[in-house]
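Peer 1: entry28.cif is the file, holding mmCIF, C-alpha atoms:
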```
data_start
#
loop_
_atom_site.label_atom_id
_atom_site.label_comp_id
_atom_site.auth_asym_id
_atom_site.auth_seq_id
_atom_site.Cartn_x
_atom_site.Cartn_y
_atom_site.Cartn_z
CA MET A 13 -25.10 -12.98 4.68
CA ILE A 14 -28.70 -13.98 5.52
CA SER A 15 -28.87 -17.51 6.87
CA MET A 16 -31.65 -19.62 5.41
CA SER A 17 -32.14 -23.31 4.68
CA LYS A 18 -31.37 -24.65 1.22
CA GLU A 19 -35.10 -25.25 0.66
CA ASP A 20 -35.87 -21.65 1.56
CA ASP A 21 -33.10 -20.47 -0.78
CA ASP A 22 -34.51 -22.58 -3.61
CA LYS A 23 -38.06 -21.35 -3.04
CA LEU A 24 -36.98 -17.73 -2.99
CA ARG A 25 -34.83 -18.20 -6.10
CA GLU A 26 -37.84 -19.71 -7.86
CA SER A 27 -40.09 -16.80 -6.87
CA ILE A 28 -37.47 -14.32 -8.03
CA PHE A 29 -37.35 -16.08 -11.37
CA LYS A 30 -41.15 -15.85 -11.66
CA ILE A 31 -41.14 -12.19 -10.73
CA LEU A 32 -38.55 -11.48 -13.40
CA THR A 33 -40.13 -13.60 -16.12
CA GLU A 34 -43.85 -14.33 -15.67
CA GLU A 35 -44.61 -11.08 -13.87
CA GLY A 36 -42.19 -9.24 -16.13
CA LEU A 37 -40.78 -6.94 -13.46
CA VAL A 38 -38.71 -4.27 -15.22
CA THR A 39 -35.40 -3.75 -13.45
CA GLN A 40 -32.85 -0.98 -13.92
CA VAL A 41 -30.28 -2.67 -16.12
CA ALA A 42 -28.84 0.75 -16.97
CA PRO A 43 -26.86 2.75 -16.27
CA VAL A 44 -24.12 0.30 -15.44
CA PRO A 45 -21.80 1.91 -12.88
CA GLU A 46 -18.48 2.82 -14.46
CA ASP A 47 -16.55 3.40 -11.27
CA HIS A 48 -16.82 2.76 -7.56
CA ILE A 49 -18.48 6.12 -6.93
CA GLN A 50 -21.42 5.28 -9.19
CA PHE A 51 -21.39 1.77 -7.75
CA GLU A 52 -21.64 3.16 -4.22
CA GLN A 53 -24.53 5.43 -5.23
CA ILE A 54 -26.56 2.46 -6.40
CA MET A 55 -25.57 0.49 -3.32
CA SER A 56 -26.75 3.33 -1.08
CA GLU A 57 -30.15 3.26 -2.76
CA ALA A 58 -30.36 -0.48 -2.21
CA ARG A 59 -29.35 -0.20 1.42
CA GLU A 60 -32.06 2.36 2.09
CA LEU A 61 -34.79 -0.09 1.15
CA PRO A 62 -36.71 -1.96 3.86
CA LEU A 63 -35.21 -5.42 4.42
CA ASP A 64 -38.32 -7.14 3.09
CA ASP A 65 -38.52 -5.09 -0.12
CA LEU A 66 -37.44 -7.85 -2.46
CA ARG A 67 -38.82 -6.23 -5.61
CA GLY A 68 -37.10 -2.96 -4.76
CA ARG A 69 -33.74 -4.70 -4.53
CA LEU A 70 -34.30 -6.51 -7.80
CA VAL A 71 -35.15 -3.25 -9.53
CA ILE A 72 -32.25 -1.21 -8.17
CA GLY A 73 -29.74 -4.00 -8.73
CA GLY A 74 -30.97 -4.43 -12.29
CA LEU A 75 -31.19 -8.19 -11.85
CA THR A 76 -32.07 -10.05 -15.01
CA PRO A 77 -32.28 -13.79 -15.72
CA VAL A 78 -30.34 -13.28 -18.93
CA SER A 79 -26.57 -13.53 -19.11
CA MET A 80 -24.58 -10.59 -20.53
CA ASP A 81 -21.44 -11.72 -22.33
CA ASP A 82 -19.04 -13.12 -19.77
CA GLN A 83 -20.59 -11.21 -16.94
CA SER A 84 -22.74 -13.91 -15.43
CA CYS A 85 -23.38 -14.16 -11.71
CA GLU A 86 -21.14 -17.21 -11.45
CA ARG A 87 -18.16 -15.09 -12.51
CA CYS A 88 -18.98 -12.25 -10.15
CA MET A 89 -17.01 -11.36 -7.01
CA TYR A 90 -20.03 -11.67 -4.82
CA TYR A 91 -21.38 -15.00 -6.03
CA LEU A 92 -21.25 -17.91 -3.59
CA VAL A 93 -20.98 -20.87 -5.92
CA HIS A 94 -22.21 -23.65 -3.66
CA ARG A 95 -25.10 -21.72 -2.22
CA LYS A 96 -25.93 -20.03 -5.53
CA TRP A 97 -26.20 -16.77 -3.64
CA CYS A 98 -25.38 -13.11 -4.29
CA ASP A 99 -23.44 -12.01 -1.23
CA LEU A 100 -23.31 -8.34 -2.17
CA PRO A 101 -24.37 -6.41 0.93
CA GLY A 102 -27.59 -4.65 -0.01
CA LEU A 103 -28.74 -7.36 -2.41
CA ASP A 104 -28.23 -10.63 -0.49
CA LEU A 105 -30.31 -12.82 -2.78
CA PRO A 106 -30.39 -16.36 -4.12
CA VAL A 107 -29.53 -16.27 -7.84
CA GLU A 108 -28.83 -18.62 -10.72
CA PRO A 109 -25.27 -18.78 -12.05
CA GLU A 110 -26.29 -17.54 -15.51
CA TRP A 111 -28.13 -14.43 -14.32
CA TRP A 112 -26.70 -10.93 -14.41
CA CYS A 113 -27.08 -7.59 -12.66
CA ARG A 114 -25.61 -4.15 -13.24
CA LEU A 115 -23.57 -4.39 -10.05
CA TRP A 116 -21.49 -7.23 -11.52
CA ARG A 117 -17.88 -7.10 -10.42
CA ILE A 118 -14.82 -9.22 -10.66
CA MET B 55 33.90 2.33 14.39
CA THR B 56 31.35 3.52 11.84
CA ASN B 57 30.35 7.16 12.15
CA LEU B 58 26.69 7.78 11.38
CA LEU B 59 24.92 11.10 11.06
CA TRP B 60 21.12 11.31 10.79
CA LEU B 61 19.35 14.50 9.72
CA GLN B 62 15.70 15.26 9.16
CA GLY B 63 14.19 17.42 6.42
CA GLY B 64 10.48 17.79 5.65
CA ALA B 65 9.36 14.98 7.89
CA CYS B 66 6.88 13.90 10.55
CA SER B 67 9.55 12.01 12.52
CA GLY B 68 7.76 8.74 11.79
CA ASN B 69 10.95 7.06 10.64
CA THR B 70 12.78 8.25 13.73
CA MET B 71 10.05 6.69 15.86
CA SER B 72 10.33 3.53 13.82
CA PHE B 73 14.13 3.46 14.11
CA LEU B 74 14.01 3.90 17.87
CA ASN B 75 11.67 0.90 18.10
CA ALA B 76 13.98 -1.44 16.24
CA GLU B 77 14.48 -4.84 17.80
CA GLU B 78 16.54 -6.98 15.46
CA PRO B 79 18.94 -5.37 15.93
CA SER B 80 17.99 -2.53 18.25
CA VAL B 81 19.53 0.93 18.21
CA CYS B 82 21.49 0.01 21.34
CA ASP B 83 22.78 -3.09 19.51
CA LEU B 84 24.01 -0.87 16.69
CA VAL B 85 26.18 0.98 19.17
CA THR B 86 27.29 -1.83 21.47
CA GLU B 87 27.47 -4.80 19.10
CA PHE B 88 28.19 -3.32 15.70
CA GLY B 89 30.39 -0.35 16.50
CA ILE B 90 28.14 2.32 15.06
CA ASN B 91 28.89 5.73 16.51
CA ILE B 92 25.85 7.96 16.18
CA LEU B 93 27.42 11.36 15.73
CA TRP B 94 24.07 13.10 15.84
CA HIS B 95 20.40 12.28 15.47
CA PRO B 96 17.44 14.64 15.97
CA SER B 97 16.16 12.63 18.94
CA LEU B 98 19.46 11.41 20.33
CA GLY B 99 22.01 14.13 19.57
CA MET B 100 23.40 16.13 22.46
CA GLU B 101 24.91 19.04 20.54
CA PHE B 102 22.97 22.14 19.64
CA GLY B 103 23.64 25.66 18.41
CA ASP B 104 27.32 26.22 17.60
CA GLY B 105 28.11 22.65 18.60
CA ILE B 106 25.98 21.06 15.88
CA GLN B 107 27.20 23.55 13.30
CA GLN B 108 30.79 22.67 14.11
CA LEU B 109 30.04 18.95 13.99
CA LEU B 110 28.47 19.25 10.55
CA ARG B 111 31.34 21.38 9.27
CA ASP B 112 33.83 18.81 10.56
CA CYS B 113 31.96 16.05 8.73
CA ILE B 114 32.06 18.06 5.52
CA SER B 115 35.73 18.97 5.83
CA GLY B 116 36.75 15.43 6.68
CA ALA B 117 37.97 16.32 10.16
CA ILE B 118 35.39 13.77 11.27
CA LYS B 119 35.07 10.77 8.97
CA LEU B 120 31.45 10.50 7.84
CA ASP B 121 30.78 6.86 7.05
CA VAL B 122 26.99 6.91 6.80
CA PHE B 123 24.72 9.85 6.20
CA VAL B 124 21.08 8.99 6.85
CA PHE B 125 18.40 11.37 5.72
CA GLU B 126 14.75 11.31 6.76
CA GLY B 127 12.14 13.58 5.20
CA THR B 128 12.05 15.49 1.96
CA VAL B 129 14.53 17.99 0.67
CA ILE B 130 12.53 21.21 0.74
CA ASN B 131 13.33 23.68 -2.03
CA ALA B 132 10.66 26.29 -1.38
CA PRO B 133 10.43 29.20 -1.63
CA ASP B 134 11.81 29.83 -5.09
CA GLY B 135 14.48 27.17 -4.83
CA SER B 136 16.07 28.75 -1.76
CA GLY B 137 15.11 25.99 0.68
CA THR B 138 14.70 28.50 3.47
CA TRP B 139 11.37 27.02 4.54
CA ASN B 140 13.48 24.31 6.15
CA ARG B 141 16.39 25.96 7.92
CA PHE B 142 18.67 23.97 10.19
CA ALA B 143 21.79 24.99 12.09
CA GLY B 144 21.88 28.42 10.54
CA ARG B 145 21.31 27.63 6.87
CA PRO B 146 18.84 25.88 4.54
CA MET B 147 18.85 22.14 5.20
CA LYS B 148 19.31 21.47 1.48
CA GLU B 149 22.74 23.11 1.60
CA TRP B 150 23.84 20.84 4.45
CA VAL B 151 22.48 17.85 2.57
CA LYS B 152 24.38 18.72 -0.61
CA GLU B 153 27.69 18.96 1.21
CA LEU B 154 27.19 16.05 3.59
CA THR B 155 26.17 13.63 0.84
CA ALA B 156 29.33 14.59 -1.04
CA ALA B 157 31.40 13.83 2.06
CA ALA B 158 29.74 10.57 3.10
CA SER B 159 30.90 7.07 2.21
CA TYR B 160 27.28 5.85 2.14
CA VAL B 161 24.03 7.77 1.84
CA VAL B 162 20.84 6.16 3.08
CA ALA B 163 17.38 7.63 2.48
CA VAL B 164 14.92 6.41 5.08
CA GLY B 165 11.16 6.58 4.50
CA ASP B 166 9.09 7.68 1.54
CA CYS B 167 9.79 11.37 1.93
CA ALA B 168 13.56 10.99 1.70
CA THR B 169 13.38 8.36 -1.03
CA TRP B 170 10.80 9.77 -3.45
CA GLY B 171 9.13 12.76 -1.84
CA GLY B 172 6.19 10.89 -0.35
CA ILE B 173 3.15 12.80 0.82
CA PRO B 174 4.81 16.28 0.93
CA ALA B 175 5.75 16.00 -2.76
CA THR B 176 2.23 15.04 -3.77
CA SER B 177 0.58 17.54 -6.09
CA PRO B 178 0.45 20.52 -5.63
CA ASN B 179 3.70 20.01 -3.64
CA PRO B 180 3.60 23.40 -1.88
CA THR B 181 7.04 22.96 -0.29
CA ASP B 182 8.65 22.05 -3.62
CA SER B 183 9.79 18.84 -1.99
CA GLU B 184 11.75 15.99 -3.53
CA GLY B 185 13.53 12.85 -2.48
CA LEU B 186 17.29 12.50 -2.43
CA GLN B 187 17.56 10.75 -5.76
CA PHE B 188 13.97 10.42 -6.96
CA LEU B 189 10.91 12.58 -7.33
CA LYS B 190 8.11 10.04 -7.20
CA ALA B 191 9.05 7.41 -9.80
CA ASN B 192 11.35 9.70 -11.73
CA THR B 193 15.02 9.29 -11.10
CA GLY B 194 17.00 12.43 -10.39
CA GLY B 195 15.62 14.10 -7.30
CA PHE B 196 17.73 16.52 -5.32
CA LEU B 197 21.10 14.87 -5.89
CA GLY B 198 20.59 14.04 -9.53
CA LYS B 199 20.57 10.84 -11.53
CA THR B 200 24.32 10.32 -11.58
CA PHE B 201 25.05 10.80 -7.91
CA VAL B 202 27.08 8.13 -6.17
CA SER B 203 28.53 8.39 -2.71
CA LYS B 204 32.24 7.85 -2.01
CA SER B 205 31.64 4.11 -1.78
CA GLY B 206 30.43 4.10 -5.37
CA LEU B 207 26.84 3.26 -4.45
CA PRO B 208 23.91 5.55 -5.25
CA VAL B 209 21.56 6.52 -2.44
CA ILE B 210 20.31 3.38 -0.71
CA ASN B 211 16.55 3.78 -0.53
CA ILE B 212 14.65 2.26 2.38
CA PRO B 213 11.08 3.39 1.68
CA GLY B 214 7.94 3.01 3.75
CA CYS B 215 5.63 5.27 5.65
CA PRO B 216 7.35 4.61 7.90
CA ALA B 217 10.08 2.14 7.01
CA HIS B 218 10.05 -0.95 9.19
CA PRO B 219 12.55 -0.50 12.05
CA ASP B 220 14.49 -3.64 11.25
CA TRP B 221 14.86 -2.78 7.55
CA ILE B 222 16.70 0.34 8.70
CA THR B 223 18.93 -1.22 11.34
CA GLN B 224 19.75 -4.29 9.24
CA ILE B 225 20.94 -2.16 6.34
CA LEU B 226 23.02 -0.05 8.72
CA VAL B 227 24.56 -3.23 10.10
CA SER B 228 25.44 -4.47 6.63
CA ILE B 229 27.34 -1.23 6.07
CA ALA B 230 28.98 -1.32 9.50
CA VAL B 231 30.26 -4.86 9.05
CA GLY B 232 31.59 -4.16 5.57
CA ARG B 233 28.93 -6.09 3.65
CA ALA B 234 27.42 -3.13 1.81
CA LYS B 235 28.98 -4.35 -1.43
CA ASP B 236 26.69 -7.37 -1.18
CA LEU B 237 23.59 -5.20 -1.20
CA GLU B 238 21.76 -5.63 -4.45
CA LEU B 239 19.52 -2.71 -5.27
CA ASP B 240 16.49 -2.81 -7.55
CA HIS B 241 15.69 -0.15 -10.15
CA TYR B 242 14.34 2.12 -7.43
CA GLN B 243 17.56 1.58 -5.45
CA ARG B 244 15.80 -0.46 -2.79
CA PRO B 245 17.72 -3.39 -1.26
CA LYS B 246 16.38 -6.48 -3.01
CA THR B 247 16.70 -8.51 0.14
CA PHE B 248 13.64 -6.65 1.43
CA PHE B 249 11.89 -5.38 -1.66
CA ALA B 250 11.97 -8.18 -4.25
CA ALA B 251 8.85 -9.98 -2.99
CA PHE B 252 5.39 -8.57 -2.46
CA THR B 253 3.46 -7.47 0.59
CA GLN B 254 1.09 -10.26 -0.37
CA THR B 255 3.90 -12.77 0.10
CA GLY B 256 3.06 -14.32 3.45
CA CYS B 257 -0.34 -12.65 3.74
CA THR B 258 -2.68 -14.76 5.85
CA ARG B 259 -5.54 -13.84 3.51
CA ASN B 260 -4.09 -15.49 0.43
CA MET B 261 -6.69 -18.28 0.50
CA PHE B 262 -9.41 -15.65 0.21
CA TYR B 263 -7.52 -13.92 -2.58
CA ALA B 264 -7.31 -17.21 -4.45
CA TYR B 265 -11.07 -17.83 -4.37
CA ARG B 266 -12.05 -14.18 -4.77
CA ILE B 267 -13.71 -13.75 -1.41
CA SER B 268 -13.86 -10.12 -0.47
CA ALA B 269 -13.65 -8.38 2.91
CA GLU B 270 -15.94 -5.37 2.97
CA GLU B 271 -15.01 -3.86 6.32
CA PHE B 272 -11.82 -3.04 8.19
CA GLY B 273 -10.87 -5.69 10.69
CA GLN B 274 -13.07 -8.34 9.07
CA LYS B 275 -11.34 -11.69 9.44
CA ARG B 276 -12.92 -13.33 6.41
CA GLY B 277 -11.99 -12.17 2.96
CA CYS B 278 -9.27 -10.52 0.95
CA LEU B 279 -8.78 -6.76 1.20
CA PHE B 280 -7.84 -6.35 -2.46
CA TYR B 281 -11.26 -6.58 -4.08
CA ASP B 282 -13.17 -3.85 -2.25
CA LEU B 283 -10.92 -2.06 0.19
CA GLY B 284 -8.17 -1.06 -2.22
CA CYS B 285 -5.42 -3.26 -0.75
CA ARG B 286 -2.22 -2.88 -2.77
CA GLY B 287 -0.54 -6.00 -1.38
CA PRO B 288 -0.41 -7.83 -4.73
CA MET B 289 1.44 -4.96 -6.42
CA THR B 290 3.60 -3.57 -3.63
CA HIS B 291 7.14 -4.67 -2.95
CA SER B 292 7.78 -5.04 0.77
CA PRO B 293 8.35 -7.81 3.33
CA CYS B 294 5.55 -6.59 5.63
CA ASN B 295 4.12 -10.11 5.93
CA ARG B 296 7.50 -11.76 6.38
CA ILE B 297 9.24 -9.36 8.75
CA LEU B 298 6.27 -8.61 10.94
CA TRP B 299 5.57 -5.30 12.63
CA ASN B 300 6.15 -5.32 16.36
CA ARG B 301 7.28 -8.90 15.71
CA GLN B 302 3.70 -10.08 15.53
CA SER B 303 1.43 -8.58 12.90
CA SER B 304 0.97 -6.55 9.75
CA LYS B 305 -1.63 -4.24 8.30
CA THR B 306 -3.32 -6.96 6.29
CA ARG B 307 -3.25 -9.42 9.17
CA ALA B 308 -5.06 -6.84 11.28
CA GLY B 309 -7.65 -6.26 8.56
CA MET B 310 -6.24 -3.01 7.23
CA PRO B 311 -5.45 -2.77 3.50
CA CYS B 312 -1.88 -2.25 2.35
CA ILE B 313 -1.58 1.32 1.08
CA GLY B 314 1.44 0.61 -1.10
CA CYS B 315 3.73 2.89 0.88
CA THR B 316 7.00 1.36 -0.31
CA GLU B 317 6.31 2.29 -3.91
CA PRO B 318 7.34 5.65 -5.37
CA GLN B 319 3.83 6.41 -6.60
CA PHE B 320 2.56 6.49 -3.01
CA PRO B 321 0.18 8.12 -2.13
CA PHE B 322 -1.71 6.79 -5.12
CA TYR B 323 -4.11 8.88 -7.19
CA ASP B 324 -2.67 11.96 -5.46
CA LEU B 325 -4.99 11.35 -2.52
CA ALA B 326 -8.03 12.35 -4.59
CA PRO B 327 -11.27 11.97 -2.62
CA GLY B 328 -12.67 8.46 -2.88
CA THR B 329 -9.41 6.81 -3.86
CA ILE B 330 -8.26 5.73 -0.42
CA PHE B 331 -9.30 2.32 0.85
CA LYS B 332 -11.47 1.83 -2.22
CA THR B 333 -10.59 -0.47 -5.06
CA GLN B 334 -10.65 1.68 -8.16
CA MET B 335 -12.84 0.04 -10.78
CA PHE B 336 -13.79 0.47 -14.38
CA MET B 337 -16.89 -1.38 -15.51
CA GLY B 338 -16.63 -3.91 -12.71
CA VAL B 339 -12.91 -4.69 -13.18
CA PRO B 340 -10.14 -3.35 -10.91
CA LYS B 341 -8.01 -0.65 -12.56
CA ASP B 342 -4.90 -1.78 -10.71
CA LEU B 343 -4.28 -5.46 -11.19
CA PRO B 344 -1.71 -7.63 -9.42
CA THR B 345 1.77 -6.96 -10.82
CA GLY B 346 2.41 -8.82 -14.03
CA MET B 347 -1.19 -9.85 -14.61
CA SER B 348 -3.08 -8.87 -17.76
CA GLN B 349 -6.75 -8.01 -17.67
CA THR B 350 -7.57 -11.05 -19.79
CA GLY B 351 -5.54 -13.28 -17.50
CA TYR B 352 -7.20 -11.78 -14.45
CA LEU B 353 -10.68 -12.36 -15.86
CA LYS B 354 -9.90 -15.95 -16.80
CA LEU B 355 -8.29 -16.76 -13.48
CA THR B 356 -11.08 -15.15 -11.52
CA GLY B 357 -13.77 -16.95 -13.48
CA ALA B 358 -12.05 -20.28 -12.89
CA ALA B 359 -11.46 -19.55 -9.22
CA LYS B 360 -15.09 -18.66 -8.59
CA VAL B 361 -16.51 -21.67 -10.40
CA ASN B 362 -14.13 -24.07 -8.65
CA ALA B 363 -14.21 -22.55 -5.18
CA PRO B 364 -14.50 -25.11 -2.37
CA VAL B 365 -17.54 -25.24 -0.09
CA TRP B 366 -15.77 -23.51 2.79
CA ALA B 367 -15.35 -20.47 0.59
CA ASP B 368 -19.09 -19.80 0.88
CA GLU B 369 -18.99 -19.90 4.65
CA ASP B 370 -17.60 -17.78 7.43
CA MET B 371 -14.97 -19.93 9.06
CA PHE B 372 -14.33 -17.41 11.84
CA VAL B 373 -17.34 -18.17 14.05
#
```
If you convert what's in this file into structure tokens, what do you get?

Peer 2:
Amino acid sequence: MISMSKEDDDKLRESIFKILTEEGLVTQVAPVPEDHIQFEQIMSEARELPLDDLRGRLVIGGLTPVSMDDQSCERCMYYLVHRKWCDLPGLDLPVEPEWWCRLWRI
Amino acid sequence: MTNLLWLQGGACSGNTMSFLNAEEPSVCDLVTEFGINILWHPSLGMEFGDGIQQLLRDCISGAIKLDVFVFEGTVINAPDGSGTWNRFAGRPMKEWVKELTAAASYVVAVGDCATWGGIPATSPNPTDSEGLQFLKANTGGFLGKTFVSKSGLPVINIPGCPAHPDWITQILVSIAVGRAKDLELDHYQRPKTFFAAFTQTGCTRNMFYAYRISAEEFGQKRGCLFYDLGCRGPMTHSPCNRILWNRQSSKTRAGMPCIGCTEPQFPFYDLAPGTIFKTQMFMGVPKDLPTGMSQTGYLKLTGAAKVNAPVWADEDMFV
């Protein structure tokens, strides 16, 4: 888990939101991994990215600021509720509870 | 005096090693305190050659009273049902087993191999192995569904890979002191005193299970091993976190997922690549849920747990 101040988290979350909405970054929302093998393949791609490649991680994770059914970030295994953070190794990003990504797990 | 005979079929000797490490009570206690006379054991027996053959024949004929017959390892039937891939004392082991189980007052299967076939009986099962009274989860096995020993009990199954030393010695003591009639067995013929609760019962990671905090690496102190590392603690019946190993720890306490070795389906998914130490998922939801929990219930509980998790759940308390 990357350690940052709450203000830094908030700023980064805000920029991610802008990237996904105003800039209209297209992320890979499909295919959604069916099993852990496909999940691991996507995770490997994410882990190969340089640490500062934020856009790359957003694209590979398929992050989107729109909720998909009951699969919102706040119901995901890797969501830290008080920090509003995705703790999935390879993503490690501030998120909003209602967002979604294709690596959602419970 | 309780006469005990221990033989080994298709086995790695893991349960013998476990047995010899017993502490409460120890193997010496069995002899000195509880009057168990170990007629023969692969690591302790003195007889060999003609001597062991005669001993076994005397047990079968009744010249020596056989109170407890303990079997470790699978019954090997290959090739072609002859069992000659596992010969012992001049004949296929399976023939000794057939006659000794018929002569014994109590029959105890120790370890997964003797109980349900374990790893040797996993597909493609090249040795045509089976457990004494089960083949995986199917009742029957080598002795058949209706087998009961002279005491009227079916085979007493003490599974595990290996079985915990004290599970073995405590069951032997219950027989030696005449309390075997008090043993309640579950539907897999495991003593309920050990196998009614779950491995998760007493797990030190239960707080992480409750708030869905996952451990991603072996040995990691923070997190539950169920969500990523394939821990089977919530659906495995064993007292591993109540009767500790070496009196001080357990797999999950050390950061190693439970592999479900006291269940007849072990090894799960027939050891297919990618199924070990990995939680099997379908569309983000575990395929194997805690015993008794529906998928809907799991989703609801998990959602509620995440949303209501306390602040400490976000942090690493082990700093």

Peer 1: Apply the PyMOL selection byres ((chain A) within 7 of (chain B)) to the file shown and report the selected residues as a PyMOL selection string.

Peer 2: chain A and resi 45-48+86-87+89+92-94+116-118

Peer 1: The residues within 8 Å of (-25.7, 1.8, -15.6), using all atoms listed in the file and the coordinates of the file, should be reported as a list of chain:residue names; which are they?

Peer 2: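 It turns out the residues near that spot are A:Gln40, A:Val41, A:Ala42, A:Pro43, A:Val44, A:Pro45, A:Glu46, A:Arg114.
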
Peer 1: For the file shown, report as a CSV table (one decimal) with C-alpha atoms, in the coordinates of the input the outcome of the PyMOL selection byres ((chain B and resi 78-83) around 10) at residue level.

Peer 2:
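out-v7.csv, freshly written:
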```
chain,number,residue,atom,x,y,z
B,73,PHE,CA,14.1,3.5,14.1
B,74,LEU,CA,14.0,3.9,17.9
B,75,ASN,CA,11.7,0.9,18.1
B,76,ALA,CA,14.0,-1.4,16.2
B,77,GLU,CA,14.5,-4.8,17.8
B,84,LEU,CA,24.0,-0.9,16.7
B,85,VAL,CA,26.2,1.0,19.2
B,86,THR,CA,27.3,-1.8,21.5
B,87,GLU,CA,27.5,-4.8,19.1
B,88,PHE,CA,28.2,-3.3,15.7
B,89,GLY,CA,30.4,-0.4,16.5
B,90,ILE,CA,28.1,2.3,15.1
B,92,ILE,CA,25.8,8.0,16.2
B,219,PRO,CA,12.6,-0.5,12.0
B,220,ASP,CA,14.5,-3.6,11.2
B,221,TRP,CA,14.9,-2.8,7.6
B,222,ILE,CA,16.7,0.3,8.7
B,223,THR,CA,18.9,-1.2,11.3
B,224,GLN,CA,19.8,-4.3,9.2
B,226,LEU,CA,23.0,0.0,8.7
B,227,VAL,CA,24.6,-3.2,10.1
B,301,ARG,CA,7.3,-8.9,15.7
```

Peer 1: Measuring atom to atom with only C-alpha atoms, identify which of A:Glu57, A:Asp64, A:Asp82, A:Glu35 is nearest to A:Trp111.

Peer 2: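 Once distances to A:Trp111 are computed over only C-alpha atoms, the minimum belongs to A:Asp82.
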
Peer 1: On this file, the PyMOL selection byres ((chain B and resi 315) around 8) gives some set of residues; write that set as a PyMOL selection string.

Peer 2: chain B and resi 166+213-215+290+312-314+316-318+320-321

Peer 1: What is the atom CA of B:Leu325 to atom CA of B:Pro311 distance in Å?

Peer 2: 15.4 Å

Peer 1: Can you pull out every residue within 10 Å of B:Leu109, counting all atoms listed in the file, but drop anything in the same chain fewer than 5 positions away, and send it as a PDB file with C-alpha atoms, in the coordinates of the input?

Peer 2:
```
ATOM      1  CA  LEU B  59      24.920  11.100  11.060  1.00  0.00           C
ATOM      2  CA  LEU B  93      27.420  11.360  15.730  1.00  0.00           C
ATOM      3  CA  TRP B  94      24.070  13.100  15.840  1.00  0.00           C
ATOM      4  CA  GLU B 101      24.910  19.040  20.540  1.00  0.00           C
ATOM      5  CA  PHE B 102      22.970  22.140  19.640  1.00  0.00           C
ATOM      6  CA  ASP B 104      27.320  26.220  17.600  1.00  0.00           C
ATOM      7  CA  ILE B 114      32.060  18.060   5.520  1.00  0.00           C
ATOM      8  CA  SER B 115      35.730  18.970   5.830  1.00  0.00           C
ATOM      9  CA  ALA B 117      37.970  16.320  10.160  1.00  0.00           C
ATOM     10  CA  ILE B 118      35.390  13.770  11.270  1.00  0.00           C
TER      11      ILE B 118
END
```

Peer 1: Excluding same-chain residues fewer than 4 positions from stretch 70-79 of chain A, what lies within 12 Å of it counting only C-alpha atoms, as an NGL selection string?

Peer 2: :A and (25-34 or 36-45 or 51-61 or 64-66 or 83-88 or 98 or 100-116)

Peer 1: Expressed in Å to a single decimal, how great is the separation between atom CA of B:Leu186 and atom CA of B:Ala251?

Peer 2: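 Rounded to one decimal, the two atoms are 24.0 Å apart.
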
Peer 1: Could you name the residues that touch B:Ser183 at 8 Å or less, counting all atoms listed in the file, but leaving out those on the same chain fewer than 6 positions away, as a PyMOL selection string?

Peer 2: chain B and resi 64+128-132+171+174-175

Peer 1: Atom CA of B:Ile212 and atom CA of B:Phe249 are how many Å apart?

Peer 2: 9.1 Å

Peer 1: For A:Met16, list every protein, DNA or RNA residue within 12 Å, evaluated using all atoms listed in the file, and leave out those in the same chain fewer than 4 positions away; present the list as a short mmCIF file (atom, residue, chain, number, x, y, z; two decimals) with C-alpha atoms, in the frame of the given file.

Peer 2:
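Saved result, around_16.cif, follows:
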```
data_model
loop_
_atom_site.label_atom_id
_atom_site.label_comp_id
_atom_site.auth_asym_id
_atom_site.auth_seq_id
_atom_site.Cartn_x
_atom_site.Cartn_y
_atom_site.Cartn_z
CA ASP A 20 -35.87 -21.65 1.56
CA ASP A 21 -33.10 -20.47 -0.78
CA ASP A 22 -34.51 -22.58 -3.61
CA LYS A 23 -38.06 -21.35 -3.04
CA LEU A 24 -36.98 -17.73 -2.99
CA ARG A 95 -25.10 -21.72 -2.22
CA TRP A 97 -26.20 -16.77 -3.64
CA ASP A 104 -28.23 -10.63 -0.49
CA LEU A 105 -30.31 -12.82 -2.78
CA PRO A 106 -30.39 -16.36 -4.12
#
```

Peer 1: To test the calculation: enclose all listed atoms of stretch 234-242 of chain B in a box whose edges run along x, y and z, add 5 Å on each side, then state centre and edge lengths in Å to one decimal, as AutoDock Vina command-line options.

Peer 2:
```
--center_x 21.7 --center_y -2.6 --center_z -4.2 --size_x 24.6 --size_y 19.5 --size_z 22.0
```

Peer 1: I'd like a table as JSON lines: residues in stretch 301-359 of chain B with an atom no more than 7 Å from stretch 273-276 of chain B, each row giving the shortest atom pair and its distance in Å to one decimal, all atoms listed in the file counted, sorted by chain and rising residue number.

Peer 2:
```
{"residue": "B:Ala308", "atom": "CA", "partner": "B:Gly273", "partner_atom": "CA", "distance": 6.0}
{"residue": "B:Gly309", "atom": "CA", "partner": "B:Gly273", "partner_atom": "CA", "distance": 3.9}
{"residue": "B:Met310", "atom": "CA", "partner": "B:Gly273", "partner_atom": "CA", "distance": 6.4}
```

Peer 1: Please check which residues have atoms at most 10 Å from (-3.0, -14.1, 2.8) in the file's coordinates, counting all atoms listed in the file, and write them as a PyMOL selection string.

Peer 2: chain B and resi 253-264+277-279+287+295+306-307
